Amino acid sequence: MPEIAAEVLDGRAVAEKVKEELRGRIAHLGTRGLIPSLTLIRVGEDPASRVYVRAKQKACKAVGITSATIHLPEQSTRQELLDQVDALNRDKSVHGLLVQLPLPRHLAEDEILSAIDPQKDVDGFHPLNIGLLCLGTPRFIPATPLGILKILEFYQIPTEGRCVVVLGRSRTVGRPLANLLSAKASFGNATVTVCHTLTRDLNRHTREADIVIAAAGSKRFLTADMVSPDAVVIDVGIHREPDPDRPGKTRLCGDADFEGLKGRVRALTPVPGGVGPMTVASLLANTVTAAERLSPEGTSAL
Ligand code: GUN
């Protein structure tokens, strides 16, 4: 691997660079009278979803993407939600559309995600888009995996021929990322091992890895004894815990034991300030891409 200039991989800095590039693309769309637009649907009162949706809207505003949130009551029926998705699918002024997860338990996420127009599916969760990604021809790469690929690219961390361990097999992170990193593509060509709760002798796998992606959903799960000193650690986790330095307050931490790993690995992402900002920036990027594709050069809104 070439030298990585930083030990702590700064997701905020990479996100700023991505957003700067987006501003240029958005300005170009503007010359044709087009403003990219994202609509978010939130159902019910999940507190984390409220925070995430607000953060996404704020990020849209900061780069010049128009956004709107449709908030439906917790008791909304399947048909009401499907009707809302259908109306937004048909609305030509909406380029990107996402339904914030989790949904209330009585609504089947798979059915709702499958109802989103795949051309507007900026989350990349529609089965068709997941299928395209698995085939090695992604249309929309889900935001967190895309953000991670961008961090690796920015810091010139090679994946070709390298051993990557992905801890976690979620549909939003572990599965797509394992697929992308093993694809025959500039960002891929890695040998990928997906580990999960039933993996035997986990440390044997993680110690062999050049890159470890911690997306297990367990607080401070990945510790220094589990990784090689030459490893790059990408931490996808986000957890809240009591802050020992500020009694009564909380702080964020990840799936990796940042303090224990720092100085004992080649490089690692912090929490906060690592993958999180890149996830939001990647959603914005997918929205701009959707707007460009839905309104190709030669068409004009003016
Ligand atoms: N809930 C947590 N992460 C996500 C995400 O990336 N997209 C959506 N739609 N919901 C989420």
# chains A, B, ... in the order shown; residues from 1 in each chain; ligands from 1
>>> residues_around(residues="Glu20 of chain A", least_positions_apart="2", cutoff="12 Å", atoms="only C-alpha atoms", output="list in words")
Ala13, Val14, Ala15, Glu16, Lys17, Val18, Leu22, Arg23, Gly24, Arg25, Ile26, Ala27, Ala62, Val63, Gly64, Ala281, Leu284 and Ala285 of chain A
>>> residues_around(residues="Val166 of chain A", least_positions_apart="3", cutoff="10 Å", atoms="only C-alpha atoms", output="NGL selection string")
:A and (163 or 169 or 173-175 or 177-178 or 181 or 192-196 or 205-206 or 209 or 211-216 or 234)
>>> closest_residue(among="A:Ser114, A:Lys56, A:Val227, A:Leu34", to="Pro296 of chain A", atoms="only C-alpha atoms")
A:Leu34
>>> residues_near_ligand(ligand="ligand 1", cutoff="7 Å", atoms="only C-alpha atoms and all ligand atoms", output="mmCIF file with N, CA, C and O atoms, in the first residue's frame")
data_model
loop_
_atom_site.group_PDB
_atom_site.id
_atom_site.type_symbol
_atom_site.label_atom_id
_atom_site.label_comp_id
_atom_site.auth_asym_id
_atom_site.auth_seq_id
_atom_site.Cartn_x
_atom_site.Cartn_y
_atom_site.Cartn_z
ATOM 1 N N SER A 49 -34.983 8.769 13.470
ATOM 2 C CA SER A 49 -35.367 9.142 12.102
ATOM 3 C C SER A 49 -35.610 10.638 11.997
ATOM 4 O O SER A 49 -35.253 11.271 11.002
ATOM 5 N N LEU A 98 -36.897 9.123 -0.984
ATOM 6 C CA LEU A 98 -36.548 8.054 -0.034
ATOM 7 C C LEU A 98 -37.567 7.967 1.085
ATOM 8 O O LEU A 98 -38.188 8.961 1.454
ATOM 9 N N VAL A 99 -37.738 6.755 1.572
ATOM 10 C CA VAL A 99 -38.595 6.502 2.729
ATOM 11 C C VAL A 99 -37.662 6.183 3.886
ATOM 12 O O VAL A 99 -36.889 5.209 3.827
ATOM 13 N N GLN A 100 -37.692 7.022 4.905
ATOM 14 C CA GLN A 100 -36.779 6.819 6.020
ATOM 15 C C GLN A 100 -37.143 5.543 6.786
ATOM 16 O O GLN A 100 -38.317 5.287 7.082
ATOM 17 N N LEU A 101 -36.146 4.752 7.098
ATOM 18 C CA LEU A 101 -36.339 3.513 7.855
ATOM 19 C C LEU A 101 -35.849 3.719 9.291
ATOM 20 O O LEU A 101 -34.968 4.547 9.509
ATOM 21 N N PRO A 102 -36.336 3.014 10.273
ATOM 22 C CA PRO A 102 -37.332 1.953 10.163
ATOM 23 C C PRO A 102 -38.746 2.502 10.026
ATOM 24 O O PRO A 102 -39.034 3.614 10.498
ATOM 25 N N ASP A 123 -31.553 6.020 -2.304
ATOM 26 C CA ASP A 123 -31.011 5.138 -1.260
ATOM 27 C C ASP A 123 -30.385 3.882 -1.868
ATOM 28 O O ASP A 123 -29.608 3.193 -1.206
ATOM 29 N N ALA A 143 -25.830 4.938 0.214
ATOM 30 C CA ALA A 143 -25.012 6.065 0.669
ATOM 31 C C ALA A 143 -23.812 5.666 1.540
ATOM 32 O O ALA A 143 -22.714 6.191 1.350
ATOM 33 N N THR A 144 -24.014 4.763 2.486
ATOM 34 C CA THR A 144 -22.882 4.435 3.371
ATOM 35 C C THR A 144 -21.776 3.700 2.607
ATOM 36 O O THR A 144 -20.600 4.098 2.687
ATOM 37 N N THR A 172 -28.067 -2.735 4.131
ATOM 38 C CA THR A 172 -27.716 -1.346 3.818
ATOM 39 C C THR A 172 -26.209 -1.128 3.734
ATOM 40 O O THR A 172 -25.755 -0.236 3.046
#
>>> select_by_dssp(residues="segment 72-161 of chain A", states="strand (DSSP E or B)", output="compact mmCIF listing (two decimals) with C-alpha atoms, in the first residue's frame")
# COMPACT_ATOMS: atom_id res chain seq x y z
CA LEU A 72 -47.17 10.68 7.83
CA GLY A 96 -34.82 11.73 -5.56
CA LEU A 97 -37.22 9.96 -3.23
CA LEU A 98 -36.55 8.05 -0.03
CA VAL A 99 -38.59 6.50 2.73
>>> atom_distance(atom1="atom CA of Met278 of chain A", atom2="atom CA of Gly147 of chain A")
4.6 Å
>>> residues_around(residues="Val271 of chain A", least_positions_apart="3", cutoff="12 Å", atoms="only C-alpha atoms", output="PyMOL selection string")
chain A and resi 8-12+214+219-220+233-240+251-259+268+274-278
>>> residues_around(residues="Glu292 of chain A", least_positions_apart="2", cutoff="9 Å", atoms="only C-alpha atoms", output="PyMOL selection string")
chain A and resi 25+29+36+95+287-290+294-297
>>> select_by_dssp(residues="segment 66-299 of chain A", states="alpha helix (DSSP H)", output="JSON, numbers by chain")
{"A": [78, 79, 80, 81, 82, 83, 84, 85, 86, 87, 88, 89, 90, 109, 110, 111, 112, 113, 114, 115, 127, 128, 129, 130, 131, 132, 133, 134, 143, 144, 145, 146, 147, 148, 149, 150, 151, 152, 153, 154, 174, 175, 176, 177, 178, 179, 180, 181, 182, 202, 203, 204, 205, 206, 207, 208, 258, 259, 260, 261, 275, 276, 277, 278, 279, 280, 281, 282, 283, 284, 285, 286, 287, 288, 289, 290, 291, 292, 293, 294]}
>>> residues_around(residues="Gly161 of chain A", least_positions_apart="5", cutoff="12 Å", atoms="only C-alpha atoms", output="PyMOL selection string")
chain A and resi 1+181-192+209-211
>>> write_last_selection(atoms="N, CA and C atoms", output="JSON list (two decimals), in the first residue's frame")
[["chain", "number", "residue", "atom", "x", "y", "z"],
["A", 1, "MET", "N", 0.85, -1.21, 0.00],
["A", 1, "MET", "CA", 0.00, 0.00, 0.00],
["A", 1, "MET", "C", 0.88, 1.25, 0.00],
["A", 181, "LEU", "N", -16.72, -4.22, -3.18],
["A", 181, "LEU", "CA", -15.27, -4.35, -2.99],
["A", 181, "LEU", "C", -14.70, -5.57, -3.71],
["A", 182, "SER", "N", -15.56, -6.55, -3.99],
["A", 182, "SER", "CA", -15.08, -7.73, -4.71],
["A", 182, "SER", "C", -15.34, -7.62, -6.21],
["A", 183, "ALA", "N", -16.03, -6.55, -6.65],
["A", 183, "ALA", "CA", -16.36, -6.40, -8.07],
["A", 183, "ALA", "C", -15.11, -6.13, -8.90],
["A", 184, "LYS", "N", -15.22, -6.49, -10.18],
["A", 184, "LYS", "CA", -14.12, -6.20, -11.11],
["A", 184, "LYS", "C", -14.24, -4.73, -11.50],
["A", 185, "ALA", "N", -13.70, -3.88, -10.68],
["A", 185, "ALA", "CA", -13.86, -2.42, -10.87],
["A", 185, "ALA", "C", -12.72, -1.73, -10.15],
["A", 186, "SER", "N", -12.49, -0.46, -10.51],
["A", 186, "SER", "CA", -11.36, 0.26, -9.92],
["A", 186, "SER", "C", -11.45, 0.32, -8.39],
["A", 187, "PHE", "N", -12.69, 0.39, -7.87],
["A", 187, "PHE", "CA", -12.85, 0.48, -6.42],
["A", 187, "PHE", "C", -12.91, -0.91, -5.77],
["A", 188, "GLY", "N", -12.78, -1.97, -6.57],
["A", 188, "GLY", "CA", -12.98, -3.33, -6.04],
["A", 188, "GLY", "C", -11.75, -4.20, -6.14],
["A", 189, "ASN", "N", -11.95, -5.39, -6.74],
["A", 189, "ASN", "CA", -10.87, -6.37, -6.94],
["A", 189, "ASN", "C", -10.24, -6.86, -5.64],
["A", 190, "ALA", "N", -10.98, -6.71, -4.54],
["A", 190, "ALA", "CA", -10.47, -7.22, -3.26],
["A", 190, "ALA", "C", -10.98, -8.64, -3.03],
["A", 191, "THR", "N", -10.30, -9.33, -2.13],
["A", 191, "THR", "CA", -10.80, -10.63, -1.65],
["A", 191, "THR", "C", -11.54, -10.33, -0.36],
["A", 192, "VAL", "N", -12.85, -10.55, -0.39],
["A", 192, "VAL", "CA", -13.69, -10.07, 0.72],
["A", 192, "VAL", "C", -14.22, -11.24, 1.54],
["A", 209, "ALA", "N", -6.66, -9.34, 7.76],
["A", 209, "ALA", "CA", -7.21, -8.35, 6.83],
["A", 209, "ALA", "C", -6.31, -7.12, 6.66],
["A", 210, "ASP", "N", -6.25, -6.64, 5.40],
["A", 210, "ASP", "CA", -5.60, -5.34, 5.14],
["A", 210, "ASP", "C", -6.55, -4.20, 5.49],
["A", 211, "ILE", "N", -7.84, -4.46, 5.28],
["A", 211, "ILE", "CA", -8.86, -3.45, 5.60],
["A", 211, "ILE", "C", -9.96, -4.16, 6.39]]
>>> closest_residue(among="A:Asp243, A:Glu45, A:Asp91, A:Glu208", to="Pro73 of chain A", atoms="only C-alpha atoms")
A:Glu45
>>> residues_around(residues="Arg54 of chain A", least_positions_apart="6", cutoff="10 Å", atoms="only C-alpha atoms", output="PDB file with C-alpha atoms, in the first residue's frame")
ATOM      1  CA  LEU A  40     -38.101  12.331   2.170  1.00  0.00           C
ATOM      2  CA  ALA A  48     -33.526   8.808  15.432  1.00  0.00           C
ATOM      3  CA  CYS A  60     -29.430  19.512   0.959  1.00  0.00           C
ATOM      4  CA  THR A  69     -40.250  16.062   4.025  1.00  0.00           C
TER       5      THR A  69
END
